[in-house]
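Colleague: My structure is stored as query17.txt, with compact mmCIF, N, CA, C and O atoms.
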```txt
# COMPACT_ATOMS: atom_id res chain seq x y z
N MET J 1 16.77 -2.97 32.38
CA MET J 1 16.21 -2.53 31.14
C MET J 1 14.88 -3.22 30.85
O MET J 1 13.98 -2.61 30.32
N LEU J 2 14.77 -4.49 31.21
CA LEU J 2 13.52 -5.20 30.94
C LEU J 2 12.36 -4.62 31.71
O LEU J 2 11.24 -4.54 31.19
N ALA J 3 12.60 -4.16 32.93
CA ALA J 3 11.53 -3.53 33.71
C ALA J 3 11.06 -2.25 33.04
O ALA J 3 9.85 -1.98 32.98
N ALA J 4 11.97 -1.48 32.51
CA ALA J 4 11.62 -0.25 31.81
C ALA J 4 10.82 -0.56 30.55
O ALA J 4 9.84 0.12 30.22
N LEU J 5 11.23 -1.60 29.83
CA LEU J 5 10.52 -2.01 28.62
C LEU J 5 9.12 -2.49 28.97
O LEU J 5 8.15 -2.12 28.30
N ASP J 6 8.99 -3.28 30.01
CA ASP J 6 7.68 -3.75 30.46
C ASP J 6 6.76 -2.58 30.79
O ASP J 6 5.59 -2.58 30.41
N ALA J 7 7.27 -1.59 31.49
CA ALA J 7 6.47 -0.42 31.85
C ALA J 7 6.07 0.36 30.61
O ALA J 7 4.95 0.85 30.51
N LEU J 8 6.97 0.47 29.66
CA LEU J 8 6.70 1.23 28.44
C LEU J 8 5.59 0.61 27.59
O LEU J 8 4.76 1.31 27.04
N VAL J 9 5.56 -0.71 27.50
CA VAL J 9 4.61 -1.37 26.61
C VAL J 9 3.35 -1.87 27.32
O VAL J 9 2.46 -2.40 26.67
N GLU J 10 3.26 -1.69 28.62
CA GLU J 10 2.09 -2.16 29.36
C GLU J 10 0.81 -1.58 28.77
O GLU J 10 0.68 -0.37 28.58
N GLY J 11 -0.12 -2.48 28.46
CA GLY J 11 -1.41 -2.06 27.90
C GLY J 11 -1.34 -1.67 26.43
O GLY J 11 -2.32 -1.16 25.89
N ARG J 12 -0.22 -1.92 25.79
CA ARG J 12 -0.05 -1.54 24.38
C ARG J 12 0.41 -2.74 23.58
O ARG J 12 0.95 -3.70 24.11
N THR J 13 0.23 -2.62 22.29
CA THR J 13 0.82 -3.60 21.37
C THR J 13 2.15 -3.03 20.93
O THR J 13 2.24 -1.87 20.53
N ALA J 14 3.19 -3.84 21.01
CA ALA J 14 4.52 -3.38 20.64
C ALA J 14 5.21 -4.46 19.81
O ALA J 14 5.08 -5.65 20.10
N LEU J 15 5.91 -4.04 18.80
CA LEU J 15 6.73 -4.93 18.01
C LEU J 15 8.17 -4.70 18.44
O LEU J 15 8.68 -3.59 18.32
N ILE J 16 8.78 -5.75 18.97
CA ILE J 16 10.13 -5.63 19.52
C ILE J 16 11.04 -6.61 18.81
O ILE J 16 10.74 -7.81 18.76
N HIS J 17 12.11 -6.12 18.26
CA HIS J 17 13.11 -6.97 17.62
C HIS J 17 14.23 -7.16 18.63
O HIS J 17 14.77 -6.20 19.15
N SER J 18 14.56 -8.41 18.93
CA SER J 18 15.57 -8.65 19.94
C SER J 18 16.39 -9.89 19.62
O SER J 18 15.88 -10.86 19.07
N ARG J 19 17.64 -9.85 20.02
CA ARG J 19 18.51 -11.02 19.96
C ARG J 19 18.85 -11.51 21.35
O ARG J 19 19.73 -12.33 21.52
N ASP J 20 18.12 -11.01 22.33
CA ASP J 20 18.32 -11.38 23.72
C ASP J 20 17.24 -12.37 24.14
O ASP J 20 16.05 -12.02 24.15
N PRO J 21 17.61 -13.62 24.47
CA PRO J 21 16.60 -14.60 24.84
C PRO J 21 15.70 -14.16 25.99
O PRO J 21 14.51 -14.45 25.99
N GLU J 22 16.23 -13.47 26.97
CA GLU J 22 15.42 -13.04 28.11
C GLU J 22 14.29 -12.11 27.66
O GLU J 22 13.16 -12.22 28.12
N THR J 23 14.59 -11.23 26.74
CA THR J 23 13.57 -10.32 26.21
C THR J 23 12.53 -11.09 25.42
O THR J 23 11.32 -10.91 25.59
N VAL J 24 12.97 -11.98 24.56
CA VAL J 24 12.06 -12.74 23.71
C VAL J 24 11.17 -13.66 24.55
O VAL J 24 9.96 -13.73 24.33
N LEU J 25 11.75 -14.34 25.53
CA LEU J 25 10.98 -15.27 26.34
C LEU J 25 9.98 -14.55 27.25
O LEU J 25 9.04 -15.17 27.74
N GLY J 26 10.14 -13.26 27.45
CA GLY J 26 9.20 -12.48 28.24
C GLY J 26 8.05 -11.91 27.44
O GLY J 26 7.16 -11.27 28.00
N ALA J 27 8.03 -12.17 26.15
CA ALA J 27 6.97 -11.63 25.28
C ALA J 27 5.68 -12.43 25.43
O ALA J 27 5.67 -13.56 25.92
N ASP J 28 4.58 -11.83 25.00
CA ASP J 28 3.29 -12.53 24.97
C ASP J 28 3.18 -13.43 23.75
O ASP J 28 2.46 -14.42 23.76
N ARG J 29 3.88 -13.04 22.69
CA ARG J 29 3.80 -13.77 21.43
C ARG J 29 5.11 -13.58 20.69
O ARG J 29 5.67 -12.49 20.69
N VAL J 30 5.56 -14.64 20.03
CA VAL J 30 6.79 -14.58 19.25
C VAL J 30 6.47 -14.89 17.79
O VAL J 30 5.76 -15.87 17.50
N LEU J 31 6.96 -14.05 16.92
CA LEU J 31 6.90 -14.30 15.48
C LEU J 31 8.33 -14.49 15.01
O LEU J 31 9.16 -13.60 15.18
N TRP J 32 8.63 -15.63 14.43
CA TRP J 32 10.00 -15.95 13.98
C TRP J 32 10.02 -15.92 12.47
O TRP J 32 9.28 -16.65 11.81
N PHE J 33 10.86 -15.07 11.93
CA PHE J 33 10.98 -14.93 10.47
C PHE J 33 12.33 -15.44 10.00
O PHE J 33 13.34 -15.24 10.67
N GLU J 34 12.34 -16.10 8.87
CA GLU J 34 13.56 -16.50 8.19
C GLU J 34 13.39 -16.18 6.72
O GLU J 34 12.38 -16.56 6.11
N ASP J 35 14.37 -15.50 6.15
CA ASP J 35 14.33 -15.12 4.73
C ASP J 35 13.02 -14.43 4.36
O ASP J 35 12.46 -14.66 3.29
N GLY J 36 12.52 -13.60 5.28
CA GLY J 36 11.32 -12.82 5.02
C GLY J 36 10.01 -13.58 5.17
O GLY J 36 8.95 -13.05 4.89
N ARG J 37 10.08 -14.83 5.61
CA ARG J 37 8.87 -15.64 5.76
C ARG J 37 8.66 -16.00 7.23
O ARG J 37 9.60 -16.34 7.93
N LEU J 38 7.39 -15.97 7.63
CA LEU J 38 7.02 -16.36 8.98
C LEU J 38 7.13 -17.87 9.10
O LEU J 38 6.48 -18.61 8.35
N VAL J 39 7.97 -18.36 10.02
CA VAL J 39 8.17 -19.80 10.17
C VAL J 39 7.70 -20.32 11.53
O VAL J 39 7.53 -21.52 11.69
N GLU J 40 7.52 -19.43 12.52
CA GLU J 40 6.98 -19.82 13.82
C GLU J 40 6.15 -18.69 14.38
O GLU J 40 6.46 -17.52 14.18
N ASP J 41 5.10 -19.07 15.08
CA ASP J 41 4.21 -18.09 15.70
C ASP J 41 3.61 -18.75 16.93
O ASP J 41 3.04 -19.83 16.83
N GLY J 42 3.80 -18.13 18.08
CA GLY J 42 3.19 -18.68 19.28
C GLY J 42 3.70 -18.05 20.55
O GLY J 42 4.54 -17.15 20.53
N HIS J 43 3.19 -18.55 21.65
CA HIS J 43 3.64 -18.09 22.96
C HIS J 43 5.04 -18.64 23.19
O HIS J 43 5.33 -19.80 22.87
N PRO J 44 5.93 -17.83 23.74
CA PRO J 44 7.31 -18.28 23.90
C PRO J 44 7.47 -19.53 24.77
O PRO J 44 8.34 -20.36 24.50
N ASP J 45 6.61 -19.72 25.77
CA ASP J 45 6.70 -20.93 26.59
C ASP J 45 6.42 -22.18 25.77
O ASP J 45 7.11 -23.19 25.87
N ARG J 46 5.39 -22.10 24.93
CA ARG J 46 5.04 -23.25 24.08
C ARG J 46 6.16 -23.53 23.09
O ARG J 46 6.57 -24.67 22.89
N LEU J 47 6.67 -22.48 22.45
CA LEU J 47 7.75 -22.66 21.47
C LEU J 47 9.02 -23.17 22.14
O LEU J 47 9.71 -24.03 21.59
N ALA J 48 9.33 -22.66 23.31
CA ALA J 48 10.55 -23.09 24.01
C ALA J 48 10.48 -24.55 24.44
O ALA J 48 11.51 -25.23 24.53
N ASP J 49 9.27 -25.06 24.68
CA ASP J 49 9.09 -26.45 25.09
C ASP J 49 9.06 -27.42 23.91
O ASP J 49 9.13 -28.63 24.10
N ASP J 50 8.96 -26.89 22.70
CA ASP J 50 8.90 -27.73 21.50
C ASP J 50 10.33 -27.98 21.00
O ASP J 50 11.00 -27.06 20.56
N PRO J 51 10.81 -29.24 21.06
CA PRO J 51 12.19 -29.51 20.66
C PRO J 51 12.47 -29.22 19.19
O PRO J 51 13.62 -29.04 18.80
N ASP J 52 11.43 -29.14 18.36
CA ASP J 52 11.60 -28.83 16.94
C ASP J 52 11.53 -27.33 16.64
O ASP J 52 11.67 -26.91 15.50
N SER J 53 11.31 -26.54 17.67
CA SER J 53 11.15 -25.10 17.51
C SER J 53 12.49 -24.41 17.28
O SER J 53 13.50 -24.73 17.91
N ARG J 54 12.49 -23.44 16.39
CA ARG J 54 13.69 -22.63 16.17
C ARG J 54 14.01 -21.80 17.42
O ARG J 54 15.16 -21.60 17.76
N LEU J 55 12.96 -21.33 18.10
CA LEU J 55 13.15 -20.56 19.32
C LEU J 55 13.85 -21.40 20.39
O LEU J 55 14.78 -20.93 21.04
N ALA J 56 13.43 -22.64 20.55
CA ALA J 56 14.04 -23.51 21.56
C ALA J 56 15.52 -23.74 21.24
O ALA J 56 16.37 -23.65 22.13
N ALA J 57 15.83 -24.01 19.99
CA ALA J 57 17.22 -24.24 19.60
C ALA J 57 18.05 -22.98 19.81
O ALA J 57 19.18 -23.03 20.30
N TRP J 58 17.49 -21.83 19.47
CA TRP J 58 18.20 -20.56 19.62
C TRP J 58 18.46 -20.24 21.09
O TRP J 58 19.55 -19.83 21.47
N ALA J 59 17.44 -20.47 21.94
CA ALA J 59 17.61 -20.18 23.37
C ALA J 59 18.67 -21.09 23.98
O ALA J 59 19.48 -20.65 24.80
N LEU J 60 18.70 -22.37 23.58
CA LEU J 60 19.72 -23.28 24.08
C LEU J 60 21.11 -22.84 23.62
O LEU J 60 22.07 -22.87 24.38
N GLU J 61 21.21 -22.44 22.38
CA GLU J 61 22.50 -21.98 21.84
C GLU J 61 22.97 -20.72 22.55
O GLU J 61 24.14 -20.57 22.86
N ALA J 62 22.05 -19.83 22.85
CA ALA J 62 22.41 -18.57 23.54
C ALA J 62 22.87 -18.84 24.97
O ALA J 62 23.70 -18.11 25.49
N ASP J 63 22.34 -19.90 25.58
CA ASP J 63 22.74 -20.26 26.94
C ASP J 63 24.10 -20.93 26.98
O ASP J 63 24.74 -21.00 28.03
N ASP J 64 24.57 -21.44 25.84
CA ASP J 64 25.83 -22.17 25.78
C ASP J 64 26.83 -21.37 24.97
O ASP J 64 26.84 -21.40 23.75
N PRO J 65 27.72 -20.63 25.62
CA PRO J 65 28.67 -19.79 24.88
C PRO J 65 29.64 -20.60 24.03
O PRO J 65 30.29 -20.06 23.14
N GLU J 66 29.76 -21.91 24.27
CA GLU J 66 30.65 -22.76 23.48
C GLU J 66 30.02 -23.21 22.19
O GLU J 66 30.68 -23.78 21.32
N ALA J 67 28.70 -23.01 22.05
CA ALA J 67 27.99 -23.50 20.85
C ALA J 67 28.33 -22.69 19.62
O ALA J 67 28.77 -21.60 19.65
```
Translate this file's structure into structure tokens.

Modeller:
Amino acid sequence: MLAALDALVEGRTALIHSRDPETVLGADRVLWFEDGRLVEDGHPDRLADDPDSRLAAWALEADDPEA
């Protein structure tokens, strides 16, 4: 499915809502909203490497089914 999504959005701007870490981490830019407010904005690699990032915490939680 990710290959199909990549082909669909190639050369375009797309807003994608996802709860799948693989999809989110493959994006060019991540906007993280909580309670209707933007709380994080950046490249997923940078956010994932930041231990204080909500994206990093979420990706770790998604990788651990016991969490």

Colleague: In Å, with one decimal, what is the gap from atom C of Leu5 (chain J) to atom O of Arg19 (chain J)?

Modeller: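 Separation of atom C of Leu5 (chain J) and atom O of Arg19 (chain J): 16.3 Å.
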
Colleague: Could you tell me how far atom O of Glu10 (chain J) lies from atom C of Asp45 (chain J), in Å and to one decimal?

Modeller: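 Distance between the two atoms: 22.7 Å.
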
Colleague: Which residue, J:Ala3, J:Glu61, J:Leu8, J:Pro44, has the smallest gap to Leu25 (chain J) when you use all atoms listed in the file?

Modeller: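 Going through J:Ala3, J:Glu61, J:Leu8, J:Pro44 one by one, the smallest distance to Leu25 (chain J) is for J:Pro44.
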
Colleague: Could you check how far atom O of Gly11 (chain J) sits from atom C of Gly42 (chain J), in Å to one decimal?

Modeller: 18.7 Å

Colleague: Extract, using only C-alpha atoms, all DNA, RNA and protein residues at most 10 Å from Arg54 (chain J), discarding same-chain residues fewer than 5 positions from it, and format them as number ranges by chain.

Modeller: J: 32-33, 39-40, 47-48, 59-60

Colleague: Select, from J:Ala4, J:Leu38, J:Ala56, J:Val9, the residue with the minimum atom-to-atom distance to Pro21 (chain J), counting only C-alpha atoms.

Modeller: J:Ala56

Colleague: Would you compute, for all listed atoms of region 36-52 of chain J, the axis-aligned bounding box grown by 5 Å on each side, and then report its centre and edge lengths in Å rounded to one decimal, as JSON?

Modeller:
```
{"center_x": 8.3, "center_y": -21.2, "center_z": 15.7, "size_x": 20.6, "size_y": 26.7, "size_z": 31.7}
```

Colleague: Just list as a PyMOL selection string whatever in region 1-65 of chain J DSSP marks as strand (DSSP E or B).

Modeller: chain J and resi 30-34+37-42
